[in-house]
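Written below as structure tokens is the structure these notes are about.
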Amino acid sequence: MPATDHVGRWEKLGVKGCFGCHGSNDRSGKNNGTAPSMPDDHYVDQKAETFEIDPYHLQCVQCHPLAVSE
Amino acid sequence: MNVSRRDFLKQAAVSAALSAAGAAGISQLAACSNPKPPQLDASGDTKTYTGVCRFCGTGCGVLVETKNGRIVRVSGDPDNVSNHGLLCVKGYNLSNLLYGEDRLTQPLIRDNPKTKGTAEGLREATWEEALDLVAHKLKQAWLTDKKRIALWLSGQQPITEGYACAKFWKAGLLSNNIDPNARLCMASAVASFVNTFQSDEPAGTYADLELADTFVTWGANMAEAHPVLFARLMARKHTGDDVRHFDVATIRTRTSKKADEVLIFRPGSDIAIANAICNYIIQNNLYDEAFLADHIQFKQGTENLGNATSDDYDTSEIGKSVDKLESITWEALKERFAPYTLEYASSLSGVPTAQIEKLAREYADPNRKVMSLWTMGVNQHNRGTWMNNCIYNIHFLVGKIARPGNNPFSLTGQPSACGTTREAGTFCHRLPADLVVSNEQHRRYTEVIWNLPEGYLDDIKTPGYHTVKMFRELSQGNIDFLWTAHNNWAVSMPNLTRFLGIDSEYSGVFSSFNVVNEVYPTLSTQYADVVFPVAMWMEREGQFGNGERHTAIFEKAVEAPGQAKWDLWVFMEVARRVLADQKIDGENAFERLFGEIYDTAAADFKGGQHEVNAALWEEYRTFSNPELNAKALAIDEDIEGKFGAKLHMKAKQLAPYEEYFQNHGLIWPVREVKDTWVSTIWRYADGSQDEGYDEYGVLEYGTAGLAHAVSFYKSAQQKPSLIFRPYEPPAEEPDSEYPFWLCTGRLLEHWHTGSMTRRIAELKSAQPRGVIYMNQEDAARLQIAKGDMVTVTSRYGTVDLPVAIHERFDCPPGTTFAAFFDDQGLINKVVQDTYCPISKEPDFKKTCVNIERAKG
């Protein structure tokens, strides 16, 4: 992850800030060709077609280090 | 739907334990775990091992995939109940932990002591040369004066290894100068468990995270320091109805941002808040009278303790009396709490009365299950033991403890602070399994299990140096030999200006002979005379015990690089040399202590690592299974009536070693039910063992039919103590010379001193160096912008760091925060070494500092 490109993103947008680039389904199609897709196991029932991120993965920063504007 | 046997067992185990208690959201939790554990690939050259994360105290289970002798992937273990397959960023990057470019692979010796404190001066040596040198120095110092030797161990040391080290030091060398770095993180929780319950253990487990209606975090930034547990907490909020979270903190953190109510208090005033909650509950008749009558005794202790800042505090009159308690009546207790009105607590803490009242009502609401969670903000406190007591006091008053979803829960900081330092006993005052050196019955019990003559351990009936004392003595030139393992003392200790000899008045570190077991070069190896390169994590087999009484094993998956060896082999080789001409009952002392596992002539273990671990485990397990040793059972039962009390050692029962592999860990006490070993999830709670309750403990030692169906059978008179503790001020408070509070702690990306996480590229790049977080207005007033280098000065030392101004740590005016992972900006040079008078744990949270723009 190019951490410096993500400065403040989670703080401002939370998990909603991830979908645009990392989504992998109709509801939140991936629009950044170089971004890794959101893994299936981030979705409820581990299925992207549920269109809902499971509660355990709403806190992006717990698994993905993000540079902060220090 | 196809359900594999693995999935079925996982779901069944979780559901059996939790659904009976009304768990919500557990189906989502199970679904979140990794559905595709790695398996052997078609070519057969990939293999999966079970393990436990190497980092924080959560104790997440991991599945580790290897290929061609290297770890290639790590994923969460869905069958480990501590994390149900979840991991945080550190866990996902574990595979890179072993492969830093500068792994230590050969023993190192420093010939010229004048190079100590620098990156130069260590040369490569053979194992024989290094072991001979260390053994010679240890033996020389030991024979001269055994007060001048010290062993500093760790909550990162696996259980059997810690057990063997304690046996070597306490029985082999008859020295109690052994203490772990857990003194820096968990000692206040330990002291409070003991003076409250007379047993060092929590009643609940992480399972309460799925059951509570209200969470109260006290001095705990779980979102960064315990991310997997915070994910479970957040999941409960998202899936439960009207689940609430109160965060009680001195700085707004990522944890605060997700809380429903944030109580920001003036550092050190948390005891006043807790007492005001108690007083409010009492004054408004919101307490649980039946619970108090059945279960609780009331006490007060020594007060006006002053502060343990000076070297002679422990031997002062007040220092010698800090542990004393006396019984008081309910009426007297009410009078003690009475001054703590909401207004008084608000005036001390700065928290509005309405917020304190709201929290008090939340605790007291009979329709809500409440889980309190705390960690270093409570423990690293000049009144750390007291603040732990205060949280128990609240739960006692409202009868919310030891039942599913209702529990006060102390979060641990290291992967085996509980399993090794506390349960196996590497503290200066302890023996295995909650036993202490000062108790005659405990020494006799230990002697029979260690096959020692009666009275042999009377030489160690006085506790040795606790950690701060150990390093203060070192700095004064009173330690000749210091051995450290599984830690990085030169970064993690407070007051490093003194302990590193930067203050020339304290240069003892340069004259002592220092030995370090390490995997990477660290600041501690720069102060070492000998460095032993050791195998790390899954290069050897070991066991971790986490904060929920869960013990799990990590398998050996790969070989250690170069000549790196298992720490236990290193300890055994030095012990063999030092004890070579020592006798116990006419028998060679080393053979007597370790002959079962070690072949002296071959200078190696009798058997592979698994066999050695299993043998040590079985010996250690005897402490909590006295029926395995007839003499031990006689002392446990006090058959001869010598001691006037039974030990009830089986109350901490452990299972045979292999059971931990098969079950991906177990939560003690582990009971054998119809040939199956079953965990105890809710300690002291009466109910079916199969459903996780403490059926056998209550049946054998406790009393059935009491309020809330709990029985605190480990406590004196089966009643824990509600101990009144007054507010007493911090050791120092901001003034014109040092106007800012400094709080230190951890970040998500780095663990402790960063010696491991800073070698993982993903983590290092995310947070490459330490900074000091400031309040924006404070910075503006001092004309400091973010990124500016500032000089941080305290009464203890000085350090330069870049400034950060960011909502990640949203500091109130006058407050600053710095993480301690960066040895290039060594924040602990300025941190006080004042400690809690009871637990001897330093206060890392309330040093007063000045901040000014760095010169040059």
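Residue numbering restarts at 1 in every chain; chains get A, B, ... in the order shown in the structure tokens, and ligands count up from 1 in that same order.
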Just the residues within 12 Å of Lys12 in chain A, please, counting only C-alpha atoms, with nothing from its chain fewer than 6 positions along; format it as a ChimeraX atom specification.
/A:6,18,68 /B:257,807-808
Just need the residues of chain B within 6 Å of chain A, counting only C-alpha atoms, so spit them out as a VMD selection string.
chain B and resid 31 88 to 89 227 231 235 766 804
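Among the candidate residues B:Asn275, B:Gln783, B:Asn451, B:Thr253, the one lying nearest to Glu596 in chain B is B:Asn451, with distances computed using only C-alpha atoms.
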Can you pull out the residues contacting Lys116 in chain B? Cut-off 7 Å, using only C-alpha atoms, and skip same-chain residues under 4 positions away; I want them as a compact mmCIF listing (two decimals) with all heavy atoms, in the first residue's frame.
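Produced file part06.txt, reproduced below:
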```
# COMPACT_ATOMS: atom_id res chain seq x y z
N PHE B 510 28.36 0.26 32.55
CA PHE B 510 29.63 0.08 31.84
C PHE B 510 30.57 -0.88 32.58
O PHE B 510 31.49 -1.44 31.98
CB PHE B 510 30.32 1.43 31.64
CG PHE B 510 29.54 2.36 30.75
CD1 PHE B 510 28.89 3.46 31.27
CD2 PHE B 510 29.43 2.11 29.39
CE1 PHE B 510 28.15 4.31 30.46
CE2 PHE B 510 28.69 2.94 28.56
CZ PHE B 510 28.04 4.05 29.11
N GLN B 526 24.16 -3.17 22.17
CA GLN B 526 25.28 -2.22 22.20
C GLN B 526 25.86 -2.10 23.61
O GLN B 526 26.97 -1.61 23.78
CB GLN B 526 24.82 -0.85 21.71
CG GLN B 526 24.46 -0.85 20.23
CD GLN B 526 24.17 0.54 19.70
OE1 GLN B 526 24.53 1.54 20.30
NE2 GLN B 526 23.51 0.60 18.55
N TYR B 527 25.11 -2.54 24.60
CA TYR B 527 25.61 -2.52 25.98
C TYR B 527 26.01 -3.91 26.45
O TYR B 527 26.28 -4.11 27.63
CB TYR B 527 24.56 -1.91 26.91
CG TYR B 527 24.42 -0.42 26.72
CD1 TYR B 527 23.61 0.10 25.72
CD2 TYR B 527 25.12 0.47 27.52
CE1 TYR B 527 23.50 1.47 25.52
CE2 TYR B 527 25.02 1.84 27.33
CZ TYR B 527 24.21 2.33 26.33
OH TYR B 527 24.11 3.69 26.14
```
Output as JSON, numbers by chain all residues of range 370-555 of chain B that backbone DSSP marks as helix (DSSP H, G or I).
{"B": [376, 377, 378, 379, 384, 385, 386, 387, 388, 389, 390, 391, 392, 393, 394, 395, 396, 397, 417, 418, 419, 420, 421, 422, 423, 424, 425, 440, 441, 442, 443, 444, 445, 446, 447, 448, 449, 456, 457, 458, 459, 460, 467, 468, 469, 470, 471, 472, 473, 474, 475, 489, 490, 491, 492, 496, 497, 498, 499, 508, 509, 510, 511, 525, 526, 527, 537, 538, 539]}
Just the residues within 7 Å of Gln476 in chain B, please, counting only C-alpha atoms, with nothing from its chain fewer than 2 positions along; format it as number ranges by chain.
B: 472-474, 478, 506-508
Residues from last step as file, all heavy atoms, as an mmCIF file, in the first residue's frame:
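Once everything was written out, this is part.cif:
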```
data_model
loop_
_atom_site.group_PDB
_atom_site.id
_atom_site.type_symbol
_atom_site.label_atom_id
_atom_site.label_comp_id
_atom_site.auth_asym_id
_atom_site.auth_seq_id
_atom_site.Cartn_x
_atom_site.Cartn_y
_atom_site.Cartn_z
ATOM 1 N N ARG B 472 18.243 0.157 39.022
ATOM 2 C CA ARG B 472 18.843 1.197 39.867
ATOM 3 C C ARG B 472 20.142 0.681 40.489
ATOM 4 O O ARG B 472 21.143 1.398 40.564
ATOM 5 C CB ARG B 472 17.851 1.633 40.954
ATOM 6 C CG ARG B 472 16.723 2.515 40.422
ATOM 7 C CD ARG B 472 15.770 2.919 41.538
ATOM 8 N NE ARG B 472 14.739 3.842 41.066
ATOM 9 C CZ ARG B 472 13.749 4.304 41.829
ATOM 10 N NH1 ARG B 472 13.649 3.937 43.089
ATOM 11 N NH2 ARG B 472 12.859 5.150 41.333
ATOM 12 N N GLU B 473 20.123 -0.567 40.955
ATOM 13 C CA GLU B 473 21.346 -1.154 41.517
ATOM 14 C C GLU B 473 22.420 -1.269 40.437
ATOM 15 O O GLU B 473 23.601 -0.986 40.679
ATOM 16 C CB GLU B 473 21.045 -2.526 42.125
ATOM 17 C CG GLU B 473 20.172 -2.494 43.355
ATOM 18 C CD GLU B 473 20.856 -1.847 44.557
ATOM 19 O OE1 GLU B 473 22.089 -1.984 44.690
ATOM 20 O OE2 GLU B 473 20.155 -1.186 45.360
ATOM 21 N N LEU B 474 22.012 -1.688 39.254
ATOM 22 C CA LEU B 474 22.961 -1.777 38.135
ATOM 23 C C LEU B 474 23.620 -0.422 37.891
ATOM 24 O O LEU B 474 24.841 -0.309 37.758
ATOM 25 C CB LEU B 474 22.232 -2.246 36.875
ATOM 26 C CG LEU B 474 23.073 -2.271 35.591
ATOM 27 C CD1 LEU B 474 23.900 -3.549 35.507
ATOM 28 C CD2 LEU B 474 22.174 -2.154 34.344
ATOM 29 N N ASN B 478 26.240 -1.828 41.492
ATOM 30 C CA ASN B 478 26.040 -2.907 42.466
ATOM 31 C C ASN B 478 25.631 -4.236 41.844
ATOM 32 O O ASN B 478 25.261 -5.168 42.551
ATOM 33 C CB ASN B 478 24.984 -2.478 43.490
ATOM 34 C CG ASN B 478 25.423 -1.274 44.281
ATOM 35 O OD1 ASN B 478 26.622 -1.091 44.516
ATOM 36 N ND2 ASN B 478 24.483 -0.435 44.669
ATOM 37 N N TYR B 506 25.753 7.773 37.208
ATOM 38 C CA TYR B 506 25.274 6.392 37.226
ATOM 39 C C TYR B 506 25.895 5.614 36.065
ATOM 40 O O TYR B 506 25.279 5.435 35.020
ATOM 41 C CB TYR B 506 23.748 6.357 37.127
ATOM 42 C CG TYR B 506 23.060 7.037 38.278
ATOM 43 C CD1 TYR B 506 22.493 8.299 38.138
ATOM 44 C CD2 TYR B 506 22.988 6.411 39.525
ATOM 45 C CE1 TYR B 506 21.858 8.919 39.205
ATOM 46 C CE2 TYR B 506 22.356 7.024 40.596
ATOM 47 C CZ TYR B 506 21.798 8.283 40.431
ATOM 48 O OH TYR B 506 21.167 8.887 41.490
ATOM 49 N N SER B 507 27.090 5.156 36.234
ATOM 50 C CA SER B 507 27.815 4.533 35.121
ATOM 51 C C SER B 507 27.932 3.019 35.273
ATOM 52 O O SER B 507 28.742 2.384 34.600
ATOM 53 C CB SER B 507 29.213 5.150 35.009
ATOM 54 O OG SER B 507 29.910 4.973 36.230
ATOM 55 N N GLY B 508 27.141 2.439 36.184
ATOM 56 C CA GLY B 508 27.289 1.021 36.481
ATOM 57 C C GLY B 508 27.122 0.098 35.286
ATOM 58 O O GLY B 508 27.710 -0.987 35.250
#
```
Which distance in Å separates CA of Ala761 in chain B and CA of Gly61 in chain B, to one decimal?
22.7 Å
Using only C-alpha atoms, pick whichever of B:Ser504, B:Asn488, B:Thr622, B:Thr214 has the shortest atom-to-atom distance to His752 in chain B.
B:Asn488
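Relative to CA of Pro202 in chain B, CA of Gly545 in chain B is found at 12.9 Å.
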Might you pull out every residue within 7 Å of Leu411 in chain B, with only C-alpha atoms counted and same-chain residues fewer than 2 positions away left off, and present them as a PDB file with N, CA, C and O atoms, in the first residue's frame?
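Output saved as result31.pdb:
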```pdb
ATOM      1  N   LEU B 373     -12.733  -2.590  30.500  1.00  0.00           N
ATOM      2  CA  LEU B 373     -11.462  -3.055  29.932  1.00  0.00           C
ATOM      3  C   LEU B 373     -10.400  -2.000  30.223  1.00  0.00           C
ATOM      4  O   LEU B 373     -10.645  -0.813  30.048  1.00  0.00           O
ATOM      5  N   TRP B 374      -9.251  -2.447  30.667  1.00  0.00           N
ATOM      6  CA  TRP B 374      -8.202  -1.471  30.923  1.00  0.00           C
ATOM      7  C   TRP B 374      -6.836  -2.076  30.636  1.00  0.00           C
ATOM      8  O   TRP B 374      -6.670  -3.277  30.552  1.00  0.00           O
ATOM      9  N   THR B 375      -5.897  -1.180  30.479  1.00  0.00           N
ATOM     10  CA  THR B 375      -4.540  -1.655  30.237  1.00  0.00           C
ATOM     11  C   THR B 375      -3.547  -0.654  30.817  1.00  0.00           C
ATOM     12  O   THR B 375      -3.665  -0.246  31.962  1.00  0.00           O
ATOM     13  N   PHE B 409     -12.126  -6.512  33.095  1.00  0.00           N
ATOM     14  CA  PHE B 409     -11.126  -7.322  32.390  1.00  0.00           C
ATOM     15  C   PHE B 409      -9.846  -6.525  32.137  1.00  0.00           C
ATOM     16  O   PHE B 409      -9.855  -5.525  31.424  1.00  0.00           O
ATOM     17  N   GLY B 413      -0.292  -6.865  27.926  1.00  0.00           N
ATOM     18  CA  GLY B 413       0.500  -6.213  26.897  1.00  0.00           C
ATOM     19  C   GLY B 413       1.386  -7.117  26.090  1.00  0.00           C
ATOM     20  O   GLY B 413       1.770  -6.788  24.964  1.00  0.00           O
ATOM     21  N   GLY B 547      -4.041 -13.061  28.254  1.00  0.00           N
ATOM     22  CA  GLY B 547      -4.757 -12.436  29.361  1.00  0.00           C
ATOM     23  C   GLY B 547      -6.089 -13.059  29.695  1.00  0.00           C
ATOM     24  O   GLY B 547      -6.689 -12.720  30.711  1.00  0.00           O
TER      25      GLY B 547
END
```
